[in-house]
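> What follows is run_2.cif; its format and atoms are mmCIF, C-alpha atoms, pLDDT in the B column; chains and numbers go by the auth columns.
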```
data_upload
#
loop_
_atom_site.group_PDB
_atom_site.id
_atom_site.type_symbol
_atom_site.label_atom_id
_atom_site.label_comp_id
_atom_site.label_asym_id
_atom_site.label_seq_id
_atom_site.Cartn_x
_atom_site.Cartn_y
_atom_site.Cartn_z
_atom_site.B_iso_or_equiv
_atom_site.auth_seq_id
_atom_site.auth_asym_id
ATOM 1 C CA GLY A 1 -3.190 -49.152 85.630 54.00 1 A
ATOM 2 C CA GLY A 2 -3.370 -48.375 89.358 73.00 2 A
ATOM 3 C CA PHE A 3 -2.239 -44.836 90.255 82.00 3 A
ATOM 4 C CA PHE A 4 -1.345 -43.929 86.676 85.00 4 A
ATOM 5 C CA GLU A 5 -3.557 -44.373 83.630 88.00 5 A
ATOM 6 C CA THR A 6 -1.396 -47.242 82.318 88.00 6 A
ATOM 7 C CA ASP A 7 1.553 -49.286 83.593 86.00 7 A
ATOM 8 C CA GLU A 8 3.787 -47.494 81.080 92.00 8 A
ATOM 9 C CA TRP A 9 2.480 -43.970 81.771 92.00 9 A
ATOM 10 C CA ILE A 10 5.713 -42.480 83.120 92.00 10 A
ATOM 11 C CA LEU A 11 7.763 -43.978 80.284 95.00 11 A
ATOM 12 C CA GLU A 12 5.225 -42.755 77.735 95.00 12 A
ATOM 13 C CA ASN A 13 5.166 -39.228 79.198 95.00 13 A
ATOM 14 C CA VAL A 14 8.757 -38.694 80.279 96.00 14 A
ATOM 15 C CA ASP A 15 9.073 -35.709 77.935 96.00 15 A
ATOM 16 C CA ALA A 16 6.757 -33.777 80.263 95.00 16 A
ATOM 17 C CA ILE A 17 9.303 -34.043 83.103 94.00 17 A
ATOM 18 C CA ARG A 18 12.539 -34.342 81.139 93.00 18 A
ATOM 19 C CA ASP A 19 13.860 -30.971 82.385 92.00 19 A
ATOM 20 C CA VAL A 20 13.205 -31.700 86.062 92.00 20 A
ATOM 21 C CA PRO A 21 16.512 -32.496 87.812 92.00 21 A
ATOM 22 C CA THR A 22 16.164 -36.071 89.042 95.00 22 A
ATOM 23 C CA VAL A 23 18.146 -38.708 90.879 96.00 23 A
ATOM 24 C CA ILE A 24 16.885 -42.290 90.616 97.00 24 A
ATOM 25 C CA VAL A 25 18.065 -44.223 93.681 98.00 25 A
ATOM 26 C CA GLN A 26 17.464 -47.953 93.215 98.00 26 A
ATOM 27 C CA GLY A 27 18.255 -50.824 95.568 97.00 27 A
ATOM 28 C CA ARG A 28 19.783 -53.854 93.871 97.00 28 A
ATOM 29 C CA TYR A 29 17.733 -56.187 96.066 96.00 29 A
ATOM 30 C CA ASP A 30 14.420 -54.341 95.664 96.00 30 A
ATOM 31 C CA VAL A 31 11.925 -57.078 94.742 94.00 31 A
ATOM 32 C CA ILE A 32 8.923 -54.712 94.783 94.00 32 A
ATOM 33 C CA CYS A 33 10.318 -52.298 92.183 92.00 33 A
ATOM 34 C CA PRO A 34 12.971 -54.336 90.345 94.00 34 A
ATOM 35 C CA VAL A 35 16.128 -52.651 89.109 96.00 35 A
ATOM 36 C CA HIS A 36 15.206 -53.310 85.479 95.00 36 A
ATOM 37 C CA ALA A 37 12.247 -50.917 85.868 94.00 37 A
ATOM 38 C CA ALA A 38 14.523 -48.109 87.054 96.00 38 A
ATOM 39 C CA TRP A 39 16.961 -48.913 84.254 97.00 39 A
ATOM 40 C CA ARG A 40 14.179 -48.676 81.644 97.00 40 A
ATOM 41 C CA LEU A 41 13.210 -45.262 83.028 97.00 41 A
ATOM 42 C CA HIS A 42 16.800 -44.046 83.019 97.00 42 A
ATOM 43 C CA ARG A 43 17.290 -45.237 79.424 97.00 43 A
ATOM 44 C CA ARG A 44 14.257 -43.166 78.379 97.00 44 A
ATOM 45 C CA TRP A 45 15.426 -40.292 80.575 97.00 45 A
ATOM 46 C CA PRO A 46 19.220 -40.131 80.183 96.00 46 A
ATOM 47 C CA GLU A 47 19.257 -36.675 81.795 94.00 47 A
ATOM 48 C CA SER A 48 18.437 -38.362 85.106 95.00 48 A
ATOM 49 C CA ASP A 49 21.192 -39.418 87.484 96.00 49 A
ATOM 50 C CA MET A 50 20.758 -43.134 88.266 97.00 50 A
ATOM 51 C CA ARG A 51 22.390 -44.695 91.301 97.00 51 A
ATOM 52 C CA ILE A 52 22.130 -48.393 92.067 98.00 52 A
ATOM 53 C CA VAL A 53 22.720 -49.218 95.718 98.00 53 A
ATOM 54 C CA PRO A 54 24.608 -52.560 95.685 97.00 54 A
ATOM 55 C CA ASP A 55 23.240 -53.821 99.009 96.00 55 A
ATOM 56 C CA GLY A 56 20.037 -51.751 99.011 96.00 56 A
ATOM 57 C CA SER A 57 16.450 -52.947 99.128 96.00 57 A
ATOM 58 C CA HIS A 58 13.043 -51.266 98.704 95.00 58 A
ATOM 59 C CA SER A 59 12.873 -49.638 102.126 96.00 59 A
ATOM 60 C CA ALA A 60 14.160 -46.125 102.751 96.00 60 A
ATOM 61 C CA ALA A 61 14.760 -47.327 106.322 96.00 61 A
ATOM 62 C CA ASP A 62 17.345 -49.826 105.052 96.00 62 A
ATOM 63 C CA PRO A 63 20.702 -48.345 106.191 97.00 63 A
ATOM 64 C CA ALA A 64 22.284 -48.557 102.726 97.00 64 A
ATOM 65 C CA MET A 65 19.252 -46.947 101.097 97.00 65 A
ATOM 66 C CA ALA A 66 19.013 -44.240 103.771 98.00 66 A
ATOM 67 C CA THR A 67 22.648 -43.337 103.166 97.00 67 A
ATOM 68 C CA ALA A 68 22.210 -43.293 99.378 98.00 68 A
ATOM 69 C CA LEU A 69 19.023 -41.216 99.575 98.00 69 A
ATOM 70 C CA THR A 70 20.687 -38.715 101.913 97.00 70 A
ATOM 71 C CA GLU A 71 23.685 -38.427 99.589 97.00 71 A
ATOM 72 C CA ALA A 72 21.382 -37.949 96.578 97.00 72 A
ATOM 73 C CA ALA A 73 19.426 -35.229 98.383 96.00 73 A
ATOM 74 C CA ASP A 74 22.633 -33.482 99.460 94.00 74 A
ATOM 75 C CA ASP A 75 24.024 -33.665 95.912 93.00 75 A
ATOM 76 C CA MET A 76 20.772 -32.308 94.482 93.00 76 A
ATOM 77 C CA ALA A 77 20.790 -29.414 96.963 92.00 77 A
ATOM 78 C CA LYS A 78 24.349 -28.526 95.913 91.00 78 A
ATOM 79 C CA ARG A 79 23.410 -28.715 92.213 88.00 79 A
ATOM 80 C CA LEU A 80 20.378 -26.509 92.668 88.00 80 A
ATOM 81 C CA GLN A 81 22.186 -23.986 94.867 88.00 81 A
ATOM 82 C CA GLY A 82 24.886 -23.720 92.213 82.00 82 A
ATOM 83 C CA GLY A 83 22.316 -23.196 89.491 73.00 83 A
ATOM 84 C CA GLU A 84 23.347 -26.442 87.806 68.00 84 A
ATOM 85 C CA LEU A 85 20.416 -28.348 86.328 61.00 85 A
ATOM 86 C CA ALA A 86 22.268 -31.024 84.372 59.00 86 A
ATOM 87 C CA PRO A 87 23.281 -34.255 86.118 60.00 87 A
ATOM 88 C CA PRO A 88 26.934 -34.612 87.095 61.00 88 A
ATOM 89 C CA ALA A 89 29.156 -35.998 84.338 60.00 89 A
#
```
Could you write out this file's structure as structure tokens?

Amino acid sequence: GGFFETDEWILENVDAIRDVPTVIVQGRYDVICPVHAAWRLHRRWPESDMRIVPDGSHSAADPAMATALTEAADDMAKRLQGGELAPPA
């Protein structure tokens, strides 16, 4: 299981965090955490905002990922400052 009790722990327990505003930022070329894993999470957690970075990888230092992560953080700050907890439509 590693860090979590099982490999499926987050998927099995997503109800515990369902109301937490979340942006999933996933690099298309991430070979460490493949995009299908993020997609499975998003399907179980449709309230999340999923963004696939077309030329992104696993590293936050990757320019495309850094830009996407910054945009996601800025968008989240705006949502929270406005009192909006639901993901953008």
> From the set A:Ile52, A:Leu11, A:Ala16, A:Leu41, which residue has the shortest atom-to-atom contact distance to A:Arg28, counting only C-alpha atoms?
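Checking each candidate against A:Arg28, we get A:Ile52 as the closest.
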> Measuring between all atoms listed in the file, which one of A:Ser57, A:Gln81, A:Ser48, A:Asn13 shows the shortest distance to A:Val35?
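The shortest atom-to-atom distance to A:Val35 comes from A:Ser57.
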> Atom CA of A:Gln26 and atom CA of A:Val14 are how many Å apart?
18.1 Å
> Under the rule that all atoms listed in the file are counted, which of A:Asp55, A:Asp74, A:Glu47, A:Glu8 is the nearest residue to A:Gly27?
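Smallest separation from A:Gly27 among the options: A:Asp55.
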> Any idea what the distance is between atom CA of A:Pro46 and atom CA of A:Glu71?
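These two atoms are separated by 20.0 Å.
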> Name all residues at most 12 Å from stretch 58-62 of chain A (count all atoms listed in the file; drop same-chain ones fewer than 5 positions away) and give them as a ChimeraX atom specification.
/A:25-35,52-53,67-70
> What's the separation between atom CA of A:Pro54 and atom CA of A:Phe3, in Å to one decimal place?
28.5 Å
> Listed atoms of stretch 36-39 of chain A, axis-aligned box, 4 Å per side: centre and edge lengths to one decimal in Å, as JSON?

```
{"center_x": 14.6, "center_y": -50.7, "center_z": 85.7, "size_x": 12.7, "size_y": 13.2, "size_z": 10.8}
```
> For A:Val23, please output as a list of chain:residue names all residues within 10 Å (counting all atoms listed in the file; exclusion window: fewer than 4 positions along the same chain).
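Near A:Val23, the qualifying residues are A:His42, A:Glu47, A:Ser48, A:Asp49, A:Met50, A:Arg51, A:Leu69, A:Ala72, A:Ala73, A:Asp75, A:Met76, A:Pro87.
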> Using only C-alpha atoms, which of A:His36, A:Pro21, A:Ala66, A:Arg44 sits nearest A:Gly83?
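Going through A:His36, A:Pro21, A:Ala66, A:Arg44 one by one, the smallest distance to A:Gly83 is for A:Pro21.
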> Output requested as a PDB file, in the coordinates of the input - stretch 55-82 of chain A, filled out with N, CA and C atoms.

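Okay, this is what ended up in result.pdb:
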```pdb
ATOM      1  N   ASP A  55      23.848 -52.988  97.964  1.00 96.00           N
ATOM      2  CA  ASP A  55      23.240 -53.821  99.009  1.00 96.00           C
ATOM      3  C   ASP A  55      21.918 -53.229  99.496  1.00 96.00           C
ATOM      4  N   GLY A  56      21.285 -52.401  98.653  1.00 96.00           N
ATOM      5  CA  GLY A  56      20.037 -51.751  99.011  1.00 96.00           C
ATOM      6  C   GLY A  56      18.819 -52.590  98.690  1.00 96.00           C
ATOM      7  N   SER A  57      17.713 -52.255  99.342  1.00 96.00           N
ATOM      8  CA  SER A  57      16.450 -52.947  99.128  1.00 96.00           C
ATOM      9  C   SER A  57      15.390 -51.927  98.712  1.00 96.00           C
ATOM     10  N   HIS A  58      14.134 -52.178  99.045  1.00 95.00           N
ATOM     11  CA  HIS A  58      13.043 -51.266  98.704  1.00 95.00           C
ATOM     12  C   HIS A  58      12.835 -50.200  99.771  1.00 95.00           C
ATOM     13  N   SER A  59      13.190 -50.502 100.987  1.00 96.00           N
ATOM     14  CA  SER A  59      12.873 -49.638 102.126  1.00 96.00           C
ATOM     15  C   SER A  59      13.865 -48.487 102.295  1.00 96.00           C
ATOM     16  N   ALA A  60      13.313 -47.281 102.454  1.00 96.00           N
ATOM     17  CA  ALA A  60      14.160 -46.125 102.751  1.00 96.00           C
ATOM     18  C   ALA A  60      14.769 -46.234 104.143  1.00 96.00           C
ATOM     19  N   ALA A  61      14.212 -47.115 104.978  1.00 96.00           N
ATOM     20  CA  ALA A  61      14.760 -47.327 106.322  1.00 96.00           C
ATOM     21  C   ALA A  61      15.958 -48.271 106.309  1.00 96.00           C
ATOM     22  N   ASP A  62      16.176 -48.969 105.212  1.00 96.00           N
ATOM     23  CA  ASP A  62      17.345 -49.826 105.052  1.00 96.00           C
ATOM     24  C   ASP A  62      18.566 -48.913 105.156  1.00 96.00           C
ATOM     25  N   PRO A  63      19.551 -49.243 105.998  1.00 97.00           N
ATOM     26  CA  PRO A  63      20.702 -48.345 106.191  1.00 97.00           C
ATOM     27  C   PRO A  63      21.408 -47.944 104.893  1.00 97.00           C
ATOM     28  N   ALA A  64      21.603 -48.884 103.985  1.00 97.00           N
ATOM     29  CA  ALA A  64      22.284 -48.557 102.726  1.00 97.00           C
ATOM     30  C   ALA A  64      21.438 -47.605 101.888  1.00 97.00           C
ATOM     31  N   MET A  65      20.139 -47.823 101.868  1.00 97.00           N
ATOM     32  CA  MET A  65      19.252 -46.947 101.097  1.00 97.00           C
ATOM     33  C   MET A  65      19.169 -45.571 101.746  1.00 97.00           C
ATOM     34  N   ALA A  66      19.091 -45.533 103.072  1.00 98.00           N
ATOM     35  CA  ALA A  66      19.013 -44.240 103.771  1.00 98.00           C
ATOM     36  C   ALA A  66      20.252 -43.402 103.472  1.00 98.00           C
ATOM     37  N   THR A  67      21.405 -44.043 103.474  1.00 97.00           N
ATOM     38  CA  THR A  67      22.648 -43.337 103.166  1.00 97.00           C
ATOM     39  C   THR A  67      22.630 -42.824 101.723  1.00 97.00           C
ATOM     40  N   ALA A  68      22.235 -43.682 100.792  1.00 98.00           N
ATOM     41  CA  ALA A  68      22.210 -43.293  99.378  1.00 98.00           C
ATOM     42  C   ALA A  68      21.197 -42.182  99.119  1.00 98.00           C
ATOM     43  N   LEU A  69      20.045 -42.257  99.758  1.00 98.00           N
ATOM     44  CA  LEU A  69      19.023 -41.216  99.575  1.00 98.00           C
ATOM     45  C   LEU A  69      19.482 -39.880 100.155  1.00 98.00           C
ATOM     46  N   THR A  70      20.159 -39.938 101.299  1.00 97.00           N
ATOM     47  CA  THR A  70      20.687 -38.715 101.913  1.00 97.00           C
ATOM     48  C   THR A  70      21.753 -38.097 101.016  1.00 97.00           C
ATOM     49  N   GLU A  71      22.644 -38.928 100.486  1.00 97.00           N
ATOM     50  CA  GLU A  71      23.685 -38.427  99.589  1.00 97.00           C
ATOM     51  C   GLU A  71      23.069 -37.815  98.324  1.00 97.00           C
ATOM     52  N   ALA A  72      22.037 -38.474  97.781  1.00 97.00           N
ATOM     53  CA  ALA A  72      21.382 -37.949  96.578  1.00 97.00           C
ATOM     54  C   ALA A  72      20.719 -36.603  96.866  1.00 97.00           C
ATOM     55  N   ALA A  73      20.074 -36.495  98.015  1.00 96.00           N
ATOM     56  CA  ALA A  73      19.426 -35.229  98.383  1.00 96.00           C
ATOM     57  C   ALA A  73      20.463 -34.130  98.593  1.00 96.00           C
ATOM     58  N   ASP A  74      21.566 -34.461  99.251  1.00 94.00           N
ATOM     59  CA  ASP A  74      22.633 -33.482  99.460  1.00 94.00           C
ATOM     60  C   ASP A  74      23.237 -33.033  98.125  1.00 94.00           C
ATOM     61  N   ASP A  75      23.473 -33.995  97.231  1.00 93.00           N
ATOM     62  CA  ASP A  75      24.024 -33.665  95.912  1.00 93.00           C
ATOM     63  C   ASP A  75      23.060 -32.788  95.117  1.00 93.00           C
ATOM     64  N   MET A  76      21.767 -33.105  95.199  1.00 93.00           N
ATOM     65  CA  MET A  76      20.772 -32.308  94.482  1.00 93.00           C
ATOM     66  C   MET A  76      20.723 -30.883  95.036  1.00 93.00           C
ATOM     67  N   ALA A  77      20.795 -30.757  96.352  1.00 92.00           N
ATOM     68  CA  ALA A  77      20.790 -29.414  96.963  1.00 92.00           C
ATOM     69  C   ALA A  77      21.982 -28.603  96.475  1.00 92.00           C
ATOM     70  N   LYS A  78      23.152 -29.225  96.401  1.00 91.00           N
ATOM     71  CA  LYS A  78      24.349 -28.526  95.913  1.00 91.00           C
ATOM     72  C   LYS A  78      24.177 -28.116  94.453  1.00 91.00           C
ATOM     73  N   ARG A  79      23.630 -29.024  93.631  1.00 88.00           N
ATOM     74  CA  ARG A  79      23.410 -28.715  92.213  1.00 88.00           C
ATOM     75  C   ARG A  79      22.463 -27.528  92.068  1.00 88.00           C
ATOM     76  N   LEU A  80      21.381 -27.548  92.804  1.00 88.00           N
ATOM     77  CA  LEU A  80      20.378 -26.509  92.668  1.00 88.00           C
ATOM     78  C   LEU A  80      20.876 -25.183  93.223  1.00 88.00           C
ATOM     79  N   GLN A  81      21.637 -25.221  94.307  1.00 88.00           N
ATOM     80  CA  GLN A  81      22.186 -23.986  94.867  1.00 88.00           C
ATOM     81  C   GLN A  81      23.201 -23.359  93.922  1.00 88.00           C
ATOM     82  N   GLY A  82      23.886 -24.211  93.169  1.00 82.00           N
ATOM     83  CA  GLY A  82      24.886 -23.720  92.213  1.00 82.00           C
ATOM     84  C   GLY A  82      24.283 -23.349  90.871  1.00 82.00           C
TER      85      GLY A  82
END
```
